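Below is one structure, written out as structure tokens; the observations come after it.
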Amino acid sequence: MCGIVAYLGDAEACPIILKGLRRLEYRGYDSAGVALLNGKLDVYKRKGKVQDLEDVLKDKNLHAHIGMGHTRWATHGEPNDVNAHPHFSSDSKLAIIHNGIIENYAVLKQELINKGHQFKSDTDSEVLIHFIEYIQKDNNCDLEEAVRLALTQVVGAYAIVVMSQDKPDQLIAARKGSPLVIGVAKNGQEFLLASDATPIIEYTNQVVYLNDFEIAVMKKGSLSIKNTEDMPMTPYIQQLDIELESIEKNGFEHFMLKEIFEQPNSVRDSMRGRLVASQNHVVLGGIQKHLDYLLNAKRLIIVACGTSWHAGLVAEYIIEELARIPVEVEYASEFRYRNPIINKNEVVLAISQSGETADTLAALELAKSKGAIIFGVCNVVGSSIARVTHEGAYTHAGPEIGVASTKAFTAQVTVLSLMALMIARKRGTITLEEYSNLVQDLDAIPNKIAEALKLNDKIKKLAEIYKDARNFLYLGRGYNFPVALEGALKLKEISYIHAEGYPAAEMKHGPIALIDEEMPVVVIATRDSSYDKVVSNIQEVKARKGQVIAVVTKGDTLIPKMVDHVIEIPATNECLMPLLSVIPLQLLAYHVAVLRGCNVDQPRNLAKSVTVE
Ligand code: G6P
């Protein structure tokens, strides 16, 4: 949440910063602002999207070679011009942009008010820059030291950039709990800072991921890092491996649609080098040193949020079925606050697209502090979760920009399926024949996803019929139950239609009361071990005049006679079916949202990377 960009170099800073903000807009779009320094430190900010800020800036003749920008997802203070970042110190000589939450801001604010400070905004971030200003004056120290001293007294999470009118050649940045990447270009003559690498890759592939409690000072030709204990640190420069075109729309109307259509390739990328069907071979190179912990685990606890939690539920079914290890899937936000029991021989696995979700990270850290071996399945390389885990596997789905997660989900399920297969084979809990069949089935999935995507036009027509519905129910059983949850989440996230996902059999314990002729019910009824039961559930819905849209296996002749609409997807082994059955549900949510005029890539109130709890 909240996107941060900063620039220092010879080029015009403002266009680079605005372009970076557009790339980071998925992280929050309540307001946007920039600070530019050219003799004087000027701040421009606006409620709304980056475009609204650009409208304000377009007639101004702005020149600066150093500056910073922010796109906000509001935590403290409503989204308006005043609460937008950057924020000034009381003498307007310092400015800050901040991503995170300063938890003790109220106490600090009161102390500062007692000392005569006056605040313009309701934000915790403004308090922080006033606090830095106060400390600098009180200690008569340089700005870097003031930032360091202030941060030792701050409780909470932050990624910040601070600029000073008196130091026109320097950017200071620091992080704890919120991500910050430094791009080093032109042999250190140019620096770009951002919440993730997407604003940077156009200019350089050399990056430094700032660690928690580190403070970086950038000047032309020099980057120095120290920690909040005042210990100098050596910057570790890494090579980025992202193509520019992977973060652009490439002709699609929305990132979400592009990402849905990328899935044949992104799933293939998730399996590349890990599944060699011709040799019947599955290996996850990132999980080798600690593999024995997984193989001998008495229990596997999965922690995640949102769509990643749904991928965790699929993993629960597949790992229990194939590898016979008990699995529990926990909302990270619950797990971290309930003193969970983690016994010897139990391992914890986090699933996260961004690798930055605050609750998931905290849940992992808690598990680690209790002595657990922790694994991660993340999409973003070098992310905080990837770095805190003992071992893990990247999903390699490429950057996901649409706020509603699509290709990350299928990539997660793919990697978790590979993990289940690898563990099951090594534990001897499936026969060689079962293993070989699953390897072949998984290998065939990308082409089957491509086939499912051909449903796009048909689903668009369905969306036209149901776009004005006020509620939707999604039902599924077994492996398709988490898909029902995911389908409902997609719809409510981007179309603002209330939708519930339910295990089909549980429907009769409550949701059945909602069903009438107005209620569209999406039933995932593919040919699997619960097929007959789901057929009965469909009849229960039809008996109450519900409108049934059934996702069935190609060639089904029974269900089409019973329901209002049929969506046929290719057959596969039932434990891999979520990789196919989720596709029409993603498309349905997308088209309904577009037809309702919703902003699918930036749905209201949401952010892609939730770095606050
Ligand atoms: C946010 C996003 C969701 C995502 C969830 C978990 O709510 O909008 O799409 O599933 O965070 O994010 P993660 O990066 O940990 O997978």
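Quick note on naming: the chains in the structure tokens go A, B, ... in the order shown, residues restart at 1 in each chain, and ligands are numbered from 1 in order of appearance.
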At a cut-off of 9 Å around ligand 1, and using only C-alpha atoms and all ligand atoms, what residues come up? Please write them as a PDB file with N, CA, C and O atoms, in the first residue's frame.
```pdb
ATOM      1  N   ARG A  27      -0.710   0.161  -6.072  1.00  0.00           N
ATOM      2  CA  ARG A  27      -0.490   0.069  -4.628  1.00  0.00           C
ATOM      3  C   ARG A  27      -1.388   1.021  -3.837  1.00  0.00           C
ATOM      4  O   ARG A  27      -1.408   0.997  -2.608  1.00  0.00           O
ATOM      5  N   ALA A 304      -1.445 -17.209   4.853  1.00  0.00           N
ATOM      6  CA  ALA A 304      -1.594 -16.366   3.657  1.00  0.00           C
ATOM      7  C   ALA A 304      -2.797 -15.455   3.851  1.00  0.00           C
ATOM      8  O   ALA A 304      -3.528 -15.568   4.841  1.00  0.00           O
ATOM      9  N   CYS A 305      -3.008 -14.562   2.894  1.00  0.00           N
ATOM     10  CA  CYS A 305      -4.168 -13.666   2.895  1.00  0.00           C
ATOM     11  C   CYS A 305      -4.798 -13.659   1.504  1.00  0.00           C
ATOM     12  O   CYS A 305      -4.110 -13.902   0.502  1.00  0.00           O
ATOM     13  N   GLY A 306      -6.062 -13.318   1.452  1.00  0.00           N
ATOM     14  CA  GLY A 306      -6.739 -13.066   0.173  1.00  0.00           C
ATOM     15  C   GLY A 306      -6.683 -14.256  -0.769  1.00  0.00           C
ATOM     16  O   GLY A 306      -6.881 -15.411  -0.395  1.00  0.00           O
ATOM     17  N   THR A 307      -6.395 -13.952  -2.028  1.00  0.00           N
ATOM     18  CA  THR A 307      -6.322 -14.989  -3.054  1.00  0.00           C
ATOM     19  C   THR A 307      -5.257 -16.028  -2.721  1.00  0.00           C
ATOM     20  O   THR A 307      -5.428 -17.223  -2.984  1.00  0.00           O
ATOM     21  N   SER A 308      -4.168 -15.592  -2.130  1.00  0.00           N
ATOM     22  CA  SER A 308      -3.105 -16.542  -1.762  1.00  0.00           C
ATOM     23  C   SER A 308      -3.619 -17.543  -0.732  1.00  0.00           C
ATOM     24  O   SER A 308      -3.202 -18.701  -0.712  1.00  0.00           O
ATOM     25  N   TRP A 309      -4.524 -17.104   0.124  1.00  0.00           N
ATOM     26  CA  TRP A 309      -5.136 -18.016   1.102  1.00  0.00           C
ATOM     27  C   TRP A 309      -5.966 -19.069   0.358  1.00  0.00           C
ATOM     28  O   TRP A 309      -5.978 -20.240   0.724  1.00  0.00           O
ATOM     29  N   HIS A 310      -6.638 -18.650  -0.687  1.00  0.00           N
ATOM     30  CA  HIS A 310      -7.401 -19.631  -1.475  1.00  0.00           C
ATOM     31  C   HIS A 310      -6.470 -20.652  -2.123  1.00  0.00           C
ATOM     32  O   HIS A 310      -6.781 -21.842  -2.174  1.00  0.00           O
ATOM     33  N   ALA A 350       4.446 -19.892   3.873  1.00  0.00           N
ATOM     34  CA  ALA A 350       3.683 -18.681   3.529  1.00  0.00           C
ATOM     35  C   ALA A 350       3.489 -18.641   2.024  1.00  0.00           C
ATOM     36  O   ALA A 350       4.394 -18.979   1.263  1.00  0.00           O
ATOM     37  N   ILE A 351       2.302 -18.214   1.627  1.00  0.00           N
ATOM     38  CA  ILE A 351       2.037 -18.003   0.200  1.00  0.00           C
ATOM     39  C   ILE A 351       1.729 -16.526   0.026  1.00  0.00           C
ATOM     40  O   ILE A 351       0.870 -15.983   0.723  1.00  0.00           O
ATOM     41  N   SER A 352       2.431 -15.880  -0.901  1.00  0.00           N
ATOM     42  CA  SER A 352       2.198 -14.446  -1.103  1.00  0.00           C
ATOM     43  C   SER A 352       2.675 -14.018  -2.483  1.00  0.00           C
ATOM     44  O   SER A 352       3.828 -14.285  -2.839  1.00  0.00           O
ATOM     45  N   GLN A 353       1.810 -13.410  -3.233  1.00  0.00           N
ATOM     46  CA  GLN A 353       2.220 -12.887  -4.537  1.00  0.00           C
ATOM     47  C   GLN A 353       3.314 -11.835  -4.336  1.00  0.00           C
ATOM     48  O   GLN A 353       4.390 -11.957  -4.880  1.00  0.00           O
ATOM     49  N   SER A 354       2.992 -10.815  -3.545  1.00  0.00           N
ATOM     50  CA  SER A 354       3.910  -9.680  -3.406  1.00  0.00           C
ATOM     51  C   SER A 354       5.125 -10.016  -2.557  1.00  0.00           C
ATOM     52  O   SER A 354       6.183  -9.419  -2.718  1.00  0.00           O
ATOM     53  N   GLY A 355       4.936 -10.948  -1.615  1.00  0.00           N
ATOM     54  CA  GLY A 355       6.015 -11.222  -0.661  1.00  0.00           C
ATOM     55  C   GLY A 355       6.170 -10.110   0.358  1.00  0.00           C
ATOM     56  O   GLY A 355       7.142 -10.063   1.104  1.00  0.00           O
ATOM     57  N   GLU A 356       5.190  -9.198   0.393  1.00  0.00           N
ATOM     58  CA  GLU A 356       5.299  -8.044   1.295  1.00  0.00           C
ATOM     59  C   GLU A 356       4.099  -7.910   2.225  1.00  0.00           C
ATOM     60  O   GLU A 356       4.065  -6.971   3.018  1.00  0.00           O
ATOM     61  N   THR A 357       3.116  -8.766   2.118  1.00  0.00           N
ATOM     62  CA  THR A 357       1.907  -8.604   2.920  1.00  0.00           C
ATOM     63  C   THR A 357       2.267  -8.626   4.415  1.00  0.00           C
ATOM     64  O   THR A 357       2.838  -9.602   4.911  1.00  0.00           O
ATOM     65  N   ALA A 358       1.917  -7.542   5.101  1.00  0.00           N
ATOM     66  CA  ALA A 358       2.406  -7.350   6.470  1.00  0.00           C
ATOM     67  C   ALA A 358       1.982  -8.491   7.396  1.00  0.00           C
ATOM     68  O   ALA A 358       2.784  -8.990   8.190  1.00  0.00           O
ATOM     69  N   ASP A 359       0.719  -8.915   7.295  1.00  0.00           N
ATOM     70  CA  ASP A 359       0.248  -9.970   8.198  1.00  0.00           C
ATOM     71  C   ASP A 359       0.959 -11.295   7.925  1.00  0.00           C
ATOM     72  O   ASP A 359       1.290 -12.036   8.859  1.00  0.00           O
ATOM     73  N   THR A 360       1.183 -11.587   6.655  1.00  0.00           N
ATOM     74  CA  THR A 360       1.831 -12.858   6.313  1.00  0.00           C
ATOM     75  C   THR A 360       3.283 -12.846   6.793  1.00  0.00           C
ATOM     76  O   THR A 360       3.780 -13.836   7.361  1.00  0.00           O
ATOM     77  N   LEU A 361       3.920 -11.712   6.594  1.00  0.00           N
ATOM     78  CA  LEU A 361       5.307 -11.580   7.041  1.00  0.00           C
ATOM     79  C   LEU A 361       5.399 -11.727   8.570  1.00  0.00           C
ATOM     80  O   LEU A 361       6.254 -12.452   9.086  1.00  0.00           O
ATOM     81  N   CYS A 378       6.458 -17.286  -3.228  1.00  0.00           N
ATOM     82  CA  CYS A 378       6.250 -15.857  -3.527  1.00  0.00           C
ATOM     83  C   CYS A 378       6.434 -15.617  -5.017  1.00  0.00           C
ATOM     84  O   CYS A 378       7.137 -16.373  -5.688  1.00  0.00           O
ATOM     85  N   ASN A 379       5.851 -14.528  -5.468  1.00  0.00           N
ATOM     86  CA  ASN A 379       6.047 -14.171  -6.874  1.00  0.00           C
ATOM     87  C   ASN A 379       7.178 -13.145  -7.036  1.00  0.00           C
ATOM     88  O   ASN A 379       7.955 -13.225  -7.977  1.00  0.00           O
ATOM     89  N   VAL A 380       7.229 -12.193  -6.117  1.00  0.00           N
ATOM     90  CA  VAL A 380       8.194 -11.106  -6.304  1.00  0.00           C
ATOM     91  C   VAL A 380       9.571 -11.506  -5.765  1.00  0.00           C
ATOM     92  O   VAL A 380       9.735 -11.767  -4.564  1.00  0.00           O
ATOM     93  N   GLY A 402      -2.597  -5.850 -12.147  1.00  0.00           N
ATOM     94  CA  GLY A 402      -4.026  -5.752 -11.820  1.00  0.00           C
ATOM     95  C   GLY A 402      -4.212  -6.047 -10.335  1.00  0.00           C
ATOM     96  O   GLY A 402      -3.604  -7.000  -9.817  1.00  0.00           O
ATOM     97  N   VAL A 403      -5.018  -5.245  -9.670  1.00  0.00           N
ATOM     98  CA  VAL A 403      -5.162  -5.436  -8.221  1.00  0.00           C
ATOM     99  C   VAL A 403      -5.804  -6.796  -7.912  1.00  0.00           C
ATOM    100  O   VAL A 403      -5.427  -7.469  -6.963  1.00  0.00           O
ATOM    101  N   ALA A 404      -6.764  -7.207  -8.734  1.00  0.00           N
ATOM    102  CA  ALA A 404      -7.370  -8.528  -8.517  1.00  0.00           C
ATOM    103  C   ALA A 404      -6.400  -9.585  -9.048  1.00  0.00           C
ATOM    104  O   ALA A 404      -6.039  -9.594 -10.211  1.00  0.00           O
ATOM    105  N   SER A 405      -6.008 -10.463  -8.170  1.00  0.00           N
ATOM    106  CA  SER A 405      -4.972 -11.447  -8.524  1.00  0.00           C
ATOM    107  C   SER A 405      -5.540 -12.544  -9.418  1.00  0.00           C
ATOM    108  O   SER A 405      -6.603 -13.093  -9.139  1.00  0.00           O
ATOM    109  N   THR A 406      -4.858 -12.858 -10.495  1.00  0.00           N
ATOM    110  CA  THR A 406      -5.318 -13.921 -11.405  1.00  0.00           C
ATOM    111  C   THR A 406      -4.175 -14.889 -11.706  1.00  0.00           C
ATOM    112  O   THR A 406      -4.158 -16.017 -11.222  1.00  0.00           O
ATOM    113  N   ALA A 408      -1.250 -14.894 -10.593  1.00  0.00           N
ATOM    114  CA  ALA A 408      -0.488 -15.294  -9.404  1.00  0.00           C
ATOM    115  C   ALA A 408      -1.126 -16.524  -8.762  1.00  0.00           C
ATOM    116  O   ALA A 408      -0.435 -17.423  -8.286  1.00  0.00           O
ATOM    117  N   PHE A 409      -2.477 -16.563  -8.779  1.00  0.00           N
ATOM    118  CA  PHE A 409      -3.194 -17.692  -8.178  1.00  0.00           C
ATOM    119  C   PHE A 409      -2.848 -18.994  -8.901  1.00  0.00           C
ATOM    120  O   PHE A 409      -2.483 -19.992  -8.270  1.00  0.00           O
ATOM    121  N   LYS A 490     -13.223 -12.578  -6.631  1.00  0.00           N
ATOM    122  CA  LYS A 490     -12.926 -11.795  -7.845  1.00  0.00           C
ATOM    123  C   LYS A 490     -14.094 -10.875  -8.164  1.00  0.00           C
ATOM    124  O   LYS A 490     -13.923  -9.707  -8.458  1.00  0.00           O
ATOM    125  N   GLU A 493     -14.554  -8.006  -5.545  1.00  0.00           N
ATOM    126  CA  GLU A 493     -13.439  -7.050  -5.577  1.00  0.00           C
ATOM    127  C   GLU A 493     -13.593  -6.016  -6.680  1.00  0.00           C
ATOM    128  O   GLU A 493     -13.340  -4.841  -6.472  1.00  0.00           O
ATOM    129  N   LEU A 606      -9.180  -0.822  -2.489  1.00  0.00           N
ATOM    130  CA  LEU A 606      -8.238  -1.939  -2.433  1.00  0.00           C
ATOM    131  C   LEU A 606      -6.824  -1.476  -2.778  1.00  0.00           C
ATOM    132  O   LEU A 606      -6.627  -0.416  -3.349  1.00  0.00           O
ATOM    133  N   ALA A 607      -5.879  -2.303  -2.432  1.00  0.00           N
ATOM    134  CA  ALA A 607      -4.504  -2.090  -2.877  1.00  0.00           C
ATOM    135  C   ALA A 607      -3.895  -3.456  -3.116  1.00  0.00           C
ATOM    136  O   ALA A 607      -4.326  -4.443  -2.517  1.00  0.00           O
ATOM    137  N   LYS A 608      -2.932  -3.490  -3.984  1.00  0.00           N
ATOM    138  CA  LYS A 608      -2.377  -4.791  -4.349  1.00  0.00           C
ATOM    139  C   LYS A 608      -1.496  -5.369  -3.266  1.00  0.00           C
ATOM    140  O   LYS A 608      -1.504  -6.559  -2.995  1.00  0.00           O
ATOM    141  N   SER A 609      -0.707  -4.497  -2.682  1.00  0.00           N
ATOM    142  CA  SER A 609       0.284  -4.991  -1.749  1.00  0.00           C
ATOM    143  C   SER A 609      -0.038  -4.372  -0.392  1.00  0.00           C
ATOM    144  O   SER A 609       0.112  -3.174  -0.207  1.00  0.00           O
ATOM    145  N   VAL A 610      -0.525  -5.196   0.533  1.00  0.00           N
ATOM    146  CA  VAL A 610      -1.052  -4.656   1.786  1.00  0.00           C
ATOM    147  C   VAL A 610       0.052  -4.698   2.838  1.00  0.00           C
ATOM    148  O   VAL A 610       0.199  -5.676   3.559  1.00  0.00           O
ATOM    149  N   THR A 611       0.801  -3.617   2.898  1.00  0.00           N
ATOM    150  CA  THR A 611       1.952  -3.617   3.794  1.00  0.00           C
ATOM    151  C   THR A 611       1.637  -3.003   5.153  1.00  0.00           C
ATOM    152  O   THR A 611       2.529  -2.665   5.908  1.00  0.00           O
TER     153      THR A 611
END
```
Filtered DSSP result for region 417-566 of chain A, state alpha helix (DSSP H), as a ChimeraX atom specification:
/A:417-427,432-453,456-466,480-495,531-543
Using the selection just defined, write its residues with C-alpha atoms as a short mmCIF file (atom, residue, chain, number, x, y, z; two decimals), in the first residue's frame.
```cif
data_model
loop_
_atom_site.label_atom_id
_atom_site.label_comp_id
_atom_site.auth_asym_id
_atom_site.auth_seq_id
_atom_site.Cartn_x
_atom_site.Cartn_y
_atom_site.Cartn_z
CA SER A 417 1.06 -28.98 -6.89
CA LEU A 418 4.68 -29.54 -7.85
CA MET A 419 5.58 -29.44 -4.18
CA ALA A 420 2.86 -31.97 -3.34
CA LEU A 421 4.06 -34.26 -6.11
CA MET A 422 7.70 -34.01 -5.09
CA ILE A 423 6.93 -34.71 -1.44
CA ALA A 424 4.48 -37.50 -2.23
CA ARG A 425 6.96 -39.28 -4.46
CA LYS A 426 9.75 -39.02 -1.92
CA ARG A 427 7.49 -40.15 0.93
CA LEU A 432 4.77 -44.47 -9.60
CA GLU A 433 1.82 -44.76 -11.94
CA GLU A 434 -0.22 -42.12 -10.09
CA TYR A 435 2.82 -39.88 -10.00
CA SER A 436 3.54 -40.31 -13.72
CA ASN A 437 -0.06 -39.63 -14.65
CA LEU A 438 -0.10 -36.45 -12.60
CA VAL A 439 3.19 -35.29 -14.10
CA GLN A 440 1.70 -35.71 -17.58
CA ASP A 441 -1.56 -34.02 -16.54
CA LEU A 442 0.27 -31.06 -15.07
CA ASP A 443 2.43 -30.76 -18.16
CA ALA A 444 -0.74 -30.53 -20.26
CA ILE A 445 -2.33 -27.78 -18.14
CA PRO A 446 -0.98 -24.71 -20.01
CA ASN A 447 -2.57 -25.86 -23.28
CA LYS A 448 -5.83 -26.61 -21.50
CA ILE A 449 -5.83 -23.14 -19.95
CA ALA A 450 -5.41 -21.76 -23.47
CA GLU A 451 -8.45 -23.80 -24.51
CA ALA A 452 -10.47 -22.51 -21.55
CA LEU A 453 -9.59 -18.94 -22.53
CA ASN A 456 -13.99 -15.42 -23.41
CA ASP A 457 -16.73 -14.32 -25.87
CA LYS A 458 -19.28 -16.70 -24.45
CA ILE A 459 -18.58 -15.48 -20.92
CA LYS A 460 -18.87 -11.88 -22.02
CA LYS A 461 -22.41 -12.63 -23.22
CA LEU A 462 -23.21 -14.26 -19.89
CA ALA A 463 -21.88 -11.19 -18.13
CA GLU A 464 -24.30 -9.05 -20.15
CA ILE A 465 -27.19 -11.12 -18.80
CA TYR A 466 -26.12 -10.98 -15.16
CA ASN A 480 -13.45 -26.75 -6.46
CA PHE A 481 -14.56 -25.34 -3.11
CA PRO A 482 -11.58 -22.94 -2.87
CA VAL A 483 -12.28 -22.01 -6.50
CA ALA A 484 -15.83 -21.03 -5.52
CA LEU A 485 -14.35 -18.77 -2.85
CA GLU A 486 -11.92 -17.30 -5.37
CA GLY A 487 -14.63 -16.74 -7.99
CA ALA A 488 -16.77 -14.88 -5.45
CA LEU A 489 -13.81 -12.80 -4.27
CA LYS A 490 -12.93 -11.80 -7.84
CA LEU A 491 -16.48 -10.64 -8.52
CA LYS A 492 -16.90 -8.62 -5.35
CA GLU A 493 -13.44 -7.05 -5.58
CA ILE A 494 -13.88 -5.54 -8.99
CA SER A 495 -17.62 -5.30 -9.70
CA TYR A 531 -19.88 -34.93 -9.19
CA ASP A 532 -23.08 -36.81 -8.20
CA LYS A 533 -23.36 -34.81 -5.00
CA VAL A 534 -22.95 -31.53 -6.85
CA VAL A 535 -25.65 -32.59 -9.30
CA SER A 536 -27.98 -32.96 -6.31
CA ASN A 537 -26.96 -29.51 -5.09
CA ILE A 538 -27.80 -28.06 -8.50
CA GLN A 539 -31.24 -29.64 -8.25
CA GLU A 540 -31.70 -28.05 -4.85
CA VAL A 541 -30.96 -24.65 -6.37
CA LYS A 542 -33.21 -25.23 -9.38
CA ALA A 543 -36.07 -26.35 -7.11
#
```
Strand (DSSP E or B) call set, DSSP backbone run, region 467-503 of chain A, as number ranges by chain
A: 471-476, 498-503
With all heavy atoms kept, could you save the residues just selected as a JSON list (two decimals), in the first residue's frame?
```json
[["chain", "number", "residue", "atom", "x", "y", "z"],
["A", 471, "ASN", "N", -26.65, -9.93, -6.13],
["A", 471, "ASN", "CA", -25.92, -10.96, -5.37],
["A", 471, "ASN", "C", -25.54, -12.10, -6.30],
["A", 471, "ASN", "O", -26.22, -12.34, -7.30],
["A", 471, "ASN", "CB", -26.80, -11.55, -4.28],
["A", 471, "ASN", "CG", -27.22, -10.52, -3.28],
["A", 471, "ASN", "OD1", -26.42, -10.09, -2.46],
["A", 471, "ASN", "ND2", -28.48, -10.11, -3.34],
["A", 472, "PHE", "N", -24.50, -12.80, -5.96],
["A", 472, "PHE", "CA", -24.10, -14.02, -6.67],
["A", 472, "PHE", "C", -23.73, -15.05, -5.61],
["A", 472, "PHE", "O", -23.14, -14.70, -4.58],
["A", 472, "PHE", "CB", -22.84, -13.78, -7.50],
["A", 472, "PHE", "CG", -23.06, -13.51, -8.96],
["A", 472, "PHE", "CD1", -23.49, -12.27, -9.38],
["A", 472, "PHE", "CD2", -22.78, -14.49, -9.92],
["A", 472, "PHE", "CE1", -23.64, -11.99, -10.74],
["A", 472, "PHE", "CE2", -22.93, -14.22, -11.27],
["A", 472, "PHE", "CZ", -23.37, -12.98, -11.68],
["A", 473, "LEU", "N", -24.02, -16.30, -5.91],
["A", 473, "LEU", "CA", -23.55, -17.38, -5.05],
["A", 473, "LEU", "C", -22.64, -18.26, -5.89],
["A", 473, "LEU", "O", -22.94, -18.55, -7.06],
["A", 473, "LEU", "CB", -24.76, -18.18, -4.54],
["A", 473, "LEU", "CG", -24.55, -19.17, -3.41],
["A", 473, "LEU", "CD1", -23.96, -18.51, -2.17],
["A", 473, "LEU", "CD2", -25.90, -19.83, -3.05],
["A", 474, "TYR", "N", -21.53, -18.69, -5.31],
["A", 474, "TYR", "CA", -20.60, -19.58, -6.01],
["A", 474, "TYR", "C", -20.50, -20.86, -5.18],
["A", 474, "TYR", "O", -20.21, -20.80, -3.98],
["A", 474, "TYR", "CB", -19.20, -18.95, -6.10],
["A", 474, "TYR", "CG", -19.09, -17.85, -7.12],
["A", 474, "TYR", "CD1", -19.66, -16.60, -6.88],
["A", 474, "TYR", "CD2", -18.40, -18.04, -8.31],
["A", 474, "TYR", "CE1", -19.56, -15.58, -7.82],
["A", 474, "TYR", "CE2", -18.28, -17.02, -9.25],
["A", 474, "TYR", "CZ", -18.86, -15.80, -9.00],
["A", 474, "TYR", "OH", -18.76, -14.79, -9.91],
["A", 475, "LEU", "N", -20.73, -22.00, -5.82],
["A", 475, "LEU", "CA", -20.68, -23.26, -5.10],
["A", 475, "LEU", "C", -19.67, -24.22, -5.73],
["A", 475, "LEU", "O", -19.54, -24.28, -6.96],
["A", 475, "LEU", "CB", -22.06, -23.94, -5.13],
["A", 475, "LEU", "CG", -23.23, -23.14, -4.54],
["A", 475, "LEU", "CD1", -24.54, -23.91, -4.73],
["A", 475, "LEU", "CD2", -23.00, -22.86, -3.06],
["A", 476, "GLY", "N", -19.01, -24.96, -4.89],
["A", 476, "GLY", "CA", -18.09, -25.99, -5.37],
["A", 476, "GLY", "C", -17.80, -26.96, -4.24],
["A", 476, "GLY", "O", -18.04, -26.64, -3.07],
["A", 498, "HIS", "N", -22.23, -8.09, -4.36],
["A", 498, "HIS", "CA", -22.02, -8.99, -3.23],
["A", 498, "HIS", "C", -22.01, -10.43, -3.73],
["A", 498, "HIS", "O", -22.90, -10.86, -4.46],
["A", 498, "HIS", "CB", -23.12, -8.81, -2.19],
["A", 498, "HIS", "CG", -23.06, -9.88, -1.15],
["A", 498, "HIS", "ND1", -24.01, -10.85, -1.02],
["A", 498, "HIS", "CD2", -22.10, -10.17, -0.22],
["A", 498, "HIS", "CE1", -23.66, -11.67, -0.05],
["A", 498, "HIS", "NE2", -22.51, -11.29, 0.44],
["A", 499, "ALA", "N", -21.00, -11.18, -3.36],
["A", 499, "ALA", "CA", -20.90, -12.58, -3.80],
["A", 499, "ALA", "C", -20.37, -13.41, -2.66],
["A", 499, "ALA", "O", -19.51, -12.98, -1.90],
["A", 499, "ALA", "CB", -19.98, -12.67, -5.00],
["A", 500, "GLU", "N", -20.90, -14.62, -2.56],
["A", 500, "GLU", "CA", -20.42, -15.54, -1.52],
["A", 500, "GLU", "C", -19.99, -16.84, -2.16],
["A", 500, "GLU", "O", -20.67, -17.36, -3.04],
["A", 500, "GLU", "CB", -21.54, -15.86, -0.54],
["A", 500, "GLU", "CG", -21.69, -14.87, 0.56],
["A", 500, "GLU", "CD", -22.56, -15.40, 1.68],
["A", 500, "GLU", "OE1", -22.24, -16.44, 2.27],
["A", 500, "GLU", "OE2", -23.60, -14.77, 1.93],
["A", 501, "GLY", "N", -18.88, -17.36, -1.70],
["A", 501, "GLY", "CA", -18.45, -18.68, -2.11],
["A", 501, "GLY", "C", -18.79, -19.65, -0.99],
["A", 501, "GLY", "O", -18.61, -19.32, 0.19],
["A", 502, "TYR", "N", -19.27, -20.84, -1.35],
["A", 502, "TYR", "CA", -19.69, -21.78, -0.32],
["A", 502, "TYR", "C", -19.38, -23.20, -0.76],
["A", 502, "TYR", "O", -19.45, -23.51, -1.96],
["A", 502, "TYR", "CB", -21.21, -21.66, -0.11],
["A", 502, "TYR", "CG", -21.56, -21.21, 1.27],
["A", 502, "TYR", "CD1", -21.47, -19.87, 1.63],
["A", 502, "TYR", "CD2", -21.98, -22.14, 2.23],
["A", 502, "TYR", "CE1", -21.79, -19.46, 2.90],
["A", 502, "TYR", "CE2", -22.32, -21.73, 3.52],
["A", 502, "TYR", "CZ", -22.21, -20.38, 3.85],
["A", 502, "TYR", "OH", -22.51, -19.99, 5.11],
["A", 503, "PRO", "N", -19.09, -24.10, 0.18],
["A", 503, "PRO", "CA", -19.04, -25.51, -0.19],
["A", 503, "PRO", "C", -20.46, -25.91, -0.57],
["A", 503, "PRO", "O", -21.41, -25.60, 0.17],
["A", 503, "PRO", "CB", -18.61, -26.22, 1.10],
["A", 503, "PRO", "CG", -18.25, -25.16, 2.08],
["A", 503, "PRO", "CD", -18.87, -23.87, 1.63]]
```
Set the distance at 12 Å and use only C-alpha atoms: which residues neighbour Arg387 (chain A) once local chain neighbours fewer than 6 positions away are removed? I'd like the list as number ranges by chain.
A: 179, 209-212, 350, 355-356, 361, 364-365, 374-378, 380-381, 393-394
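One finds CA of Asn99 (chain A) at 25.1 Å from CA of Gly188 (chain A).
For the atom pair formed by CA of Asn265 (chain A) and CA of Leu180 (chain A), the distance is 28.7 Å, given to one decimal.
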Contacts of Glu202 (chain A) within 12 Å, only C-alpha atoms, excl. fewer than 2 positions in-chain, as number ranges by chain
A: 16, 19-20, 23, 183-185, 192, 197-200, 204-206, 240-248
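Going from CA of Glu321 (chain A) over to CA of Ile287 (chain A), you cover 20.5 Å.
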